[in-house]
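Listing of my_file.cif; format and content: mmCIF, C-alpha atoms.
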data_model
#
loop_
_atom_site.label_atom_id
_atom_site.label_comp_id
_atom_site.auth_asym_id
_atom_site.auth_seq_id
_atom_site.Cartn_x
_atom_site.Cartn_y
_atom_site.Cartn_z
CA MET A 202 132.16 142.30 117.85
CA THR A 203 129.31 142.35 120.35
CA THR A 204 128.57 145.99 119.54
CA ASP A 205 128.13 145.00 115.90
CA TYR A 206 125.62 142.38 116.97
CA LYS A 207 123.75 144.89 119.08
CA LYS A 208 123.19 147.15 116.11
CA LEU A 209 122.09 144.23 113.96
CA LEU A 210 119.87 142.69 116.61
CA LYS A 211 117.97 145.94 117.02
CA LYS A 212 116.76 145.56 113.45
CA VAL A 213 115.25 142.17 114.23
CA TYR A 214 111.54 142.44 114.91
CA LEU A 215 111.65 139.79 117.61
CA PHE A 216 113.87 142.03 119.76
CA SER A 217 112.11 145.29 119.04
CA ASN A 218 110.86 145.81 122.60
CA LEU A 219 114.11 144.95 124.37
CA THR A 220 116.28 147.48 126.21
CA ASP A 221 119.98 147.94 125.32
CA GLN A 222 120.96 145.92 128.34
CA GLU A 223 118.69 143.05 127.31
CA ILE A 224 119.95 143.16 123.71
CA GLN A 225 123.47 142.87 125.13
CA LYS A 226 122.50 139.60 126.81
CA ILE A 227 121.10 138.25 123.55
CA ALA A 228 124.23 139.38 121.69
CA SER A 229 126.37 137.32 124.05
CA ILE A 230 124.81 134.06 122.79
CA CYS A 231 124.73 134.91 119.06
CA ARG A 232 126.86 133.30 116.35
CA PRO A 233 127.27 134.62 112.80
CA GLU A 234 126.63 132.24 109.90
CA SER A 235 126.85 132.86 106.15
CA PHE A 236 125.22 130.84 103.43
CA PRO A 237 125.89 131.07 99.69
CA ARG A 238 122.96 131.32 97.31
CA GLY A 239 121.10 128.04 96.86
CA LYS A 240 122.46 126.44 100.04
CA LEU A 241 120.12 124.37 102.23
CA ILE A 242 120.12 125.68 105.83
CA PHE A 243 117.99 122.89 107.22
CA ALA A 244 115.64 120.24 105.86
CA GLU A 245 112.16 119.22 106.97
CA GLY A 246 112.39 116.54 109.66
CA ASN A 247 115.86 117.58 110.88
CA PRO A 248 116.03 118.04 114.65
CA GLY A 249 115.72 121.75 115.35
CA ASP A 250 118.64 123.04 117.37
CA LYS A 251 118.89 126.69 116.33
CA LEU A 252 116.86 129.81 115.80
CA TYR A 253 117.98 132.09 112.93
CA PHE A 254 117.76 135.83 112.31
CA ILE A 255 118.27 137.29 108.89
CA ILE A 256 120.75 140.16 108.77
CA LYS A 257 121.23 140.26 105.01
CA GLY A 258 119.81 138.30 102.10
CA SER A 259 116.62 136.28 101.86
CA ILE A 260 115.48 132.83 102.91
CA ARG A 261 112.93 130.63 101.22
CA VAL A 262 110.88 128.37 103.48
CA SER A 263 109.27 125.54 101.55
CA LYS A 264 107.84 122.07 101.73
CA LYS A 265 108.46 119.27 99.27
CA ILE A 266 105.31 118.17 97.47
CA ARG A 267 106.73 115.47 95.22
CA ALA A 268 110.19 114.76 93.90
CA GLY A 269 111.48 117.95 92.34
CA ASN A 270 108.40 119.94 93.34
CA GLU A 271 108.05 122.32 96.26
CA GLN A 272 105.52 124.70 97.73
CA VAL A 273 106.97 127.96 99.04
CA LEU A 274 105.46 128.81 102.44
CA ALA A 275 107.27 132.12 102.85
CA THR A 276 110.19 134.19 101.63
CA LEU A 277 111.79 135.93 104.58
CA LEU A 278 113.94 139.05 104.46
CA ALA A 279 116.40 140.96 106.66
CA GLY A 280 114.93 141.63 110.12
CA GLU A 281 112.81 138.48 110.07
CA PHE A 282 113.51 135.21 111.85
CA PHE A 283 112.82 131.53 111.29
CA GLY A 284 113.36 128.16 112.91
CA GLU A 285 111.58 129.22 116.11
CA MET A 286 109.05 126.39 116.03
CA ALA A 287 111.60 123.67 116.69
CA LEU A 288 112.78 125.62 119.75
CA ILE A 289 109.32 125.79 121.17
CA ASP A 290 107.81 122.36 120.73
CA GLU A 291 110.69 119.87 120.34
CA VAL A 292 109.31 118.45 117.11
CA GLY A 293 111.66 118.39 114.09
CA ARG A 294 111.86 121.12 111.44
CA SER A 295 108.49 121.57 109.76
CA ALA A 296 109.87 122.73 106.41
CA ASP A 297 113.06 123.27 104.40
CA ALA A 298 114.95 126.57 104.61
CA TRP A 299 117.07 127.64 101.63
CA ALA A 300 119.30 130.66 101.07
CA GLU A 301 117.54 132.39 98.18
CA GLU A 302 120.63 134.58 97.76
CA ALA A 303 123.94 134.94 99.60
CA SER A 304 122.73 135.51 103.17
CA GLU A 305 124.17 136.61 106.49
CA LEU A 306 122.39 135.10 109.46
CA ILE A 307 122.76 135.16 113.21
CA SER A 308 121.96 131.93 115.01
CA ILE A 309 121.15 131.19 118.62
CA SER A 310 121.35 127.62 119.86
CA LYS A 311 118.35 126.01 121.47
CA ASN A 312 120.16 125.43 124.76
CA ASP A 313 121.48 128.98 125.06
CA PHE A 314 118.05 130.36 124.21
CA ALA A 315 116.27 128.16 126.75
CA THR A 316 118.77 129.02 129.49
CA LEU A 317 118.55 132.74 128.81
CA ILE A 318 114.78 132.96 128.80
CA PHE A 319 114.48 130.78 131.88
CA ARG A 320 116.82 133.08 133.82
CA GLU A 321 115.53 136.34 132.38
CA LYS A 322 111.76 136.34 132.69
CA GLU A 323 111.61 139.96 131.55
CA ILE A 324 113.32 139.12 128.26
CA ALA A 325 111.33 135.89 127.99
CA THR A 326 107.92 137.53 128.14
CA SER A 327 108.85 140.15 125.60
CA LEU A 328 110.24 137.54 123.18
CA LEU A 329 107.34 135.15 123.69
CA TRP A 330 104.80 137.88 122.96
CA ASN A 331 106.57 138.65 119.69
CA ILE A 332 106.89 134.97 118.81
CA ILE A 333 103.17 134.47 119.47
CA ARG A 334 102.25 137.45 117.30
CA THR A 335 104.47 136.16 114.49
CA LEU A 336 103.02 132.64 114.73
CA SER A 337 99.52 134.04 114.74
CA SER A 338 100.13 136.03 111.57
CA ARG A 339 101.79 133.02 109.90
CA LEU A 340 98.79 130.90 110.88
CA ARG A 341 96.47 133.40 109.30
CA THR A 342 98.45 133.51 106.04
CA THR A 343 98.49 129.71 105.83
CA ASP A 344 94.80 129.52 106.65
CA GLU A 345 94.03 131.92 103.81
CA LYS A 346 96.17 129.89 101.40
CA LEU A 347 94.34 126.76 102.47
CA LYS A 348 90.94 128.39 102.07
CA SER A 349 91.70 129.66 98.59
CA MET A 350 92.76 126.13 97.64
CA VAL A 351 89.55 124.60 98.96
CA GLU A 352 87.54 127.14 96.98
CA PHE A 353 89.67 126.42 93.95
CA LYS A 354 89.00 122.70 94.26
CA ALA A 355 85.30 123.24 94.76
CA GLY A 356 85.27 125.32 91.59
CA ILE A 357 86.55 122.49 89.44
CA MET B 284 83.97 131.27 141.42
CA LYS B 285 85.94 128.06 141.02
CA THR B 286 89.34 128.07 139.41
CA GLU B 287 88.68 124.52 138.18
CA ALA B 288 86.99 125.66 134.98
CA LEU B 289 90.03 127.77 134.09
CA LYS B 290 92.37 124.82 134.55
CA ARG B 291 90.82 123.10 131.54
CA VAL B 292 92.02 125.88 129.27
CA TYR B 293 95.41 124.87 127.81
CA LEU B 294 96.78 128.37 128.41
CA PHE B 295 96.23 128.09 132.15
CA GLN B 296 96.93 124.38 132.67
CA SER B 297 100.27 124.74 134.41
CA LEU B 298 99.23 127.60 136.69
CA LYS B 299 99.17 127.46 140.48
CA ASN B 300 95.93 128.21 142.31
CA SER B 301 97.16 131.65 143.33
CA GLU B 302 97.87 132.42 139.67
CA LEU B 303 94.47 131.12 138.58
CA GLU B 304 92.94 133.50 141.14
CA LEU B 305 94.76 136.35 139.40
CA ILE B 306 93.29 135.30 136.06
CA LEU B 307 89.84 135.14 137.68
CA SER B 308 90.32 138.64 139.06
CA ILE B 309 90.34 140.07 135.51
CA ALA B 310 87.50 137.88 134.25
CA ARG B 311 83.90 139.02 134.02
CA ARG B 312 80.64 137.07 133.61
CA TRP B 313 78.49 137.66 130.54
CA LYS B 314 74.93 136.36 130.21
CA PHE B 315 73.33 135.58 126.87
CA SER B 316 69.82 134.46 126.10
CA SER B 317 69.08 131.67 123.63
CA GLY B 318 69.77 132.79 120.06
CA GLN B 319 71.68 135.90 121.10
CA THR B 320 74.87 136.69 119.18
CA VAL B 321 78.13 136.76 121.16
CA PHE B 322 80.09 138.04 118.18
CA LYS B 323 79.86 138.00 114.40
CA GLU B 324 82.39 136.98 111.79
CA GLY B 325 84.44 140.04 110.88
CA ASP B 326 83.99 141.79 114.26
CA VAL B 327 87.25 142.98 115.77
CA GLY B 328 87.77 140.72 118.77
CA ASP B 329 89.28 141.78 122.06
CA ARG B 330 87.81 139.16 124.39
CA PHE B 331 88.41 135.49 125.14
CA TYR B 332 85.44 133.40 126.35
CA LEU B 333 85.08 130.33 128.53
CA ILE B 334 81.65 128.67 128.79
CA LEU B 335 80.41 128.32 132.38
CA THR B 336 76.86 127.16 131.66
CA GLY B 337 74.85 126.68 128.48
CA GLU B 338 76.02 126.17 124.90
CA VAL B 339 77.57 128.27 122.14
CA ARG B 340 77.29 127.52 118.45
CA ILE B 341 80.19 128.53 116.20
CA SER B 342 78.99 128.96 112.64
CA LYS B 343 79.53 130.66 109.33
CA GLN B 344 77.07 132.27 106.95
CA VAL B 345 77.45 130.56 103.59
CA PRO B 346 76.08 132.67 100.71
CA GLY B 347 73.05 131.00 99.14
CA ILE B 348 72.95 128.26 101.77
CA GLY B 349 72.54 130.02 105.11
CA GLU B 350 74.09 129.20 108.44
CA GLU B 351 76.60 126.34 108.57
CA ALA B 352 77.40 125.22 112.12
CA LEU B 353 81.08 124.41 112.65
CA ALA B 354 80.88 123.35 116.28
CA VAL B 355 78.68 123.38 119.36
CA LEU B 356 80.66 124.23 122.48
CA LYS B 357 79.72 123.10 126.01
CA PRO B 358 80.61 124.20 129.56
CA GLY B 359 84.40 124.04 130.03
CA ASP B 360 85.00 124.72 126.32
CA PHE B 361 86.44 128.07 125.27
CA PHE B 362 86.78 130.16 122.14
CA GLY B 363 88.19 133.43 120.81
CA GLU B 364 91.60 133.14 122.46
CA MET B 365 93.31 134.66 119.40
CA ALA B 366 91.68 137.93 120.45
CA LEU B 367 94.08 137.97 123.40
CA ILE B 368 96.98 138.39 120.97
CA ASP B 369 96.05 140.83 118.25
CA ASP B 370 93.36 142.81 116.50
CA ALA B 371 92.44 140.12 114.02
CA SER B 372 88.77 139.94 113.16
CA ARG B 373 86.63 137.01 114.32
CA SER B 374 86.73 134.15 111.84
CA ALA B 375 83.19 132.87 112.52
CA ASP B 376 79.93 133.77 114.31
CA ALA B 377 79.38 132.72 117.94
CA ILE B 378 75.73 132.40 118.99
CA ALA B 379 74.25 131.28 122.32
CA ASN B 380 72.42 128.01 121.66
CA GLN B 381 70.46 128.30 124.92
CA GLU B 382 70.62 130.49 128.00
CA THR B 383 74.37 130.77 128.52
CA THR B 384 76.86 132.25 130.99
CA LEU B 385 80.34 133.01 129.73
CA LEU B 386 83.49 134.08 131.49
CA GLY B 387 85.18 136.79 129.42
CA ILE B 388 88.76 138.07 129.61
CA GLU B 389 89.71 141.23 127.80
CA ARG B 390 93.00 141.66 126.01
CA LYS B 391 94.07 144.87 127.74
CA ASP B 392 93.47 143.35 131.18
CA PHE B 393 95.27 140.17 130.15
CA GLU B 394 98.26 142.16 128.88
CA SER B 395 98.51 144.24 132.06
CA LEU B 396 98.22 141.16 134.27
CA LEU B 397 101.00 139.41 132.36
CA PHE B 398 103.11 142.54 132.41
CA LEU B 399 102.90 142.71 136.20
CA ASN B 400 103.39 138.98 136.81
CA LYS B 401 106.39 137.68 134.90
CA ASP B 402 106.22 134.10 136.18
CA LEU B 403 102.58 133.88 135.22
CA ALA B 404 103.37 135.45 131.85
CA TYR B 405 106.17 132.97 131.23
CA ALA B 406 103.90 129.97 131.84
CA VAL B 407 100.93 131.29 129.87
CA LEU B 408 102.95 132.56 126.92
CA TRP B 409 104.91 129.32 126.59
CA ALA B 410 101.66 127.36 126.48
CA PHE B 411 100.30 129.78 123.89
CA SER B 412 103.44 129.48 121.72
CA ARG B 413 103.37 125.70 121.84
CA THR B 414 99.75 125.51 120.77
CA LEU B 415 100.19 127.97 117.92
CA CYS B 416 103.25 126.03 116.75
CA GLN B 417 101.30 122.82 116.75
CA ARG B 418 98.43 124.41 114.80
CA LEU B 419 100.82 125.89 112.26
CA ARG B 420 102.47 122.50 111.77
CA GLU B 421 99.09 120.84 111.24
CA MET B 422 98.03 123.51 108.80
CA ASN B 423 101.28 123.31 106.84
CA ASP B 424 100.86 119.55 106.59
CA LYS B 425 97.31 120.00 105.37
CA LEU B 426 98.51 122.45 102.75
CA GLN B 427 101.20 120.01 101.66
CA ALA B 428 98.67 117.16 101.41
CA MET B 429 96.26 119.28 99.39
CA LEU B 430 98.96 120.35 96.98
CA ALA B 431 100.09 116.76 96.55
CA MET B 432 96.49 115.72 95.85
CA ARG B 433 96.06 118.41 93.26
CA GLY B 434 98.66 116.53 91.21
CA GLY B 435 98.89 117.12 87.50
CA PHE B 436 99.90 120.77 87.72
#

Now, as a test, write the supplied structure out as structure tokens.
Amino acid sequence: MTTDYKKLLKKVYLFSNLTDQEIQKIASICRPESFPRGKLIFAEGNPGDKLYFIIKGSIRVSKKIRAGNEQVLATLLAGEFFGEMALIDEVGRSADAWAEEASELISISKNDFATLIFREKEIATSLLWNIIRTLSSRLRTTDEKLKSMVEFKAGI
Amino acid sequence: MKTEALKRVYLFQSLKNSELELILSIARRWKFSSGQTVFKEGDVGDRFYLILTGEVRISKQVPGIGEEALAVLKPGDFFGEMALIDDASRSADAIANQETTLLGIERKDFESLLFLNKDLAYAVLWAFSRTLCQRLREMNDKLQAMLAMRGGF
């Protein structure tokens, strides 16, 4: 079972710089989870207790605007991860996550993740660098969306 | 040079004095005269700056209007830290408002230092992650608020 995880984990961008031995340590704290199409994985405001990696399928990350209306922040595919923000800053989930299609995920609990990266500084720095780069690119995308909206408003 | 100035930067807040000394060892002073450009919007950034003395104006060129100042930064303030992460271009101009001395840290030096000092890296990178998370949350909320305001659609 763990060998299966290892192969899958190697496809996840977050782990791309890790050695086989390090991947093995990550694999030991992974749990598989499957979600049918249309299922809510977590809702905005929920306490964040897990980080998810997409093995198969796609996940829609969105925010509710008004009843029955949502703004999609991102659609994430195999190899990508989500739910990392709640692990980092202890605030609740910042958006909803939905299975856009039947999806296979791997989850890591907040406690297991914190323990591992505290003990394994080598793994920690590599993961944190990748998390920071991902956050930075998500920030940029959101900033651009925001800017285009401001321009749109100004144009009215 | 004092490590005190560095302690005000959120990235370095939790560092011990010995670790702050390591950060100082890769930092270099840059002098700018009044009106001199530190960087321009669109430049590829590879350096983080902390203001030691003087003032830096962060501004954007608005077509048809001219320069729009976004902020005036004072000693102890810093800017351009995103350049420590990736090759993204600068999002605004930075211009010395008067005679100014900056402390600059270059990405490649920062990366090597963190690579060699895992405890230091752990502290700095956690602080970085937390701040980016917070900014992303704020920005997502802003986006949500703007979309709600747009109504009607």

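In this comparison, which uses all atoms listed in the file, the residue of B:Leu333, B:Leu307, B:Leu367, B:Leu386 approaching chain A most closely is B:Leu367.
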
Cut-off 7 Å: closest chain B/chain A atom pairs per residue, using only C-alpha atoms, as a tab-separated table:
residue	atom	partner	partner_atom	distance
B:Ile368	CA	A:Arg334	CA	6.5
B:Lys401	CA	A:Lys322	CA	6.0
B:Asp402	CA	A:Lys322	CA	6.9
B:Ala404	CA	A:Thr326	CA	6.2
B:Tyr405	CA	A:Thr326	CA	5.8
B:Leu408	CA	A:Leu329	CA	6.0
B:Trp409	CA	A:Leu329	CA	7.0
B:Ser412	CA	A:Ile333	CA	5.5
B:Arg413	CA	A:Asp290	CA	5.7
B:Leu415	CA	A:Leu336	CA	6.3
B:Cys416	CA	A:Met286	CA	5.9
B:Leu419	CA	A:Leu340	CA	5.6
B:Arg420	CA	A:Ser295	CA	6.4
B:Met422	CA	A:Thr343	CA	6.9
B:Leu426	CA	A:Leu347	CA	6.0
B:Gln427	CA	A:Ile266	CA	6.2
B:Leu430	CA	A:Ile266	CA	6.7
B:Ala431	CA	A:Ile266	CA	5.5

Check your understanding: Can you list what the PyMOL selection byres ((chain A and resi 225-230) around 12) grabs from this structure, as an MDAnalysis selection string?
Key -> chainID A and resid 202:211 213 215:216 219:224 231:233 251:252 254 307:318 320:321 323:325 328

List the residues matched by the PyMOL selection byres ((chain B and resi 287) around 12) in the displayed structure as a compact mmCIF listing (two decimals) with C-alpha atoms, in the coordinates of the input, ordered by chain and then by residue number.
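Saved result, out08.txt, follows:
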# COMPACT_ATOMS: atom_id res chain seq x y z
CA MET B 284 83.97 131.27 141.42
CA LYS B 285 85.94 128.06 141.02
CA THR B 286 89.34 128.07 139.41
CA ALA B 288 86.99 125.66 134.98
CA LEU B 289 90.03 127.77 134.09
CA LYS B 290 92.37 124.82 134.55
CA ARG B 291 90.82 123.10 131.54
CA VAL B 292 92.02 125.88 129.27
CA PHE B 295 96.23 128.09 132.15
CA GLN B 296 96.93 124.38 132.67
CA LEU B 298 99.23 127.60 136.69
CA LYS B 299 99.17 127.46 140.48
CA ASN B 300 95.93 128.21 142.31
CA LEU B 303 94.47 131.12 138.58
CA GLU B 304 92.94 133.50 141.14
CA ILE B 306 93.29 135.30 136.06
CA LEU B 307 89.84 135.14 137.68
CA LEU B 333 85.08 130.33 128.53
CA LEU B 335 80.41 128.32 132.38
CA PRO B 358 80.61 124.20 129.56
CA GLY B 359 84.40 124.04 130.03

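Note that the spacing between atom CA of A:Ala279 and atom CA of A:Tyr214 amounts to 9.7 Å.
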
Check your understanding: Expressed in Å to a single decimal, how great is the separation between atom CA of B:Lys357 and atom CA of B:Ile388?
Key -> 17.9 Å

Practice item. Decode the PyMOL selection byres ((chain B and resi 326-332) around 8) for the given file into explicit residues and return them as a PyMOL selection string. Key: chain B and resi 322-325+333-334+361-367+369-373+385-390

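If you count all atoms listed in the file and ignore residues fewer than 3 places along the chain from A:Asn247, what sits within 8 Å of it is Phe243, Ala244, Gly293 and Arg294 of chain A.
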
At most 10 Å from (128.6, 130.5, 98.9), file frame, all atoms listed in the file: which residues, as a compact mmCIF listing (two decimals) with C-alpha atoms, keeping the file's coordinate frame?
# COMPACT_ATOMS: atom_id res chain seq x y z
CA SER A 235 126.85 132.86 106.15
CA PHE A 236 125.22 130.84 103.43
CA PRO A 237 125.89 131.07 99.69
CA ARG A 238 122.96 131.32 97.31
CA GLY A 239 121.10 128.04 96.86
CA LYS A 240 122.46 126.44 100.04
CA ALA A 300 119.30 130.66 101.07
CA GLU A 302 120.63 134.58 97.76
CA ALA A 303 123.94 134.94 99.60
CA SER A 304 122.73 135.51 103.17

Box dimensions and centre (Å, one decimal) enclosing stretch 249-256 of chain A, axis-aligned, 3 Å extra per side, as JSON:
{"center_x": 118.2, "center_y": 131.0, "center_z": 113.1, "size_x": 11.0, "size_y": 24.4, "size_z": 14.6}
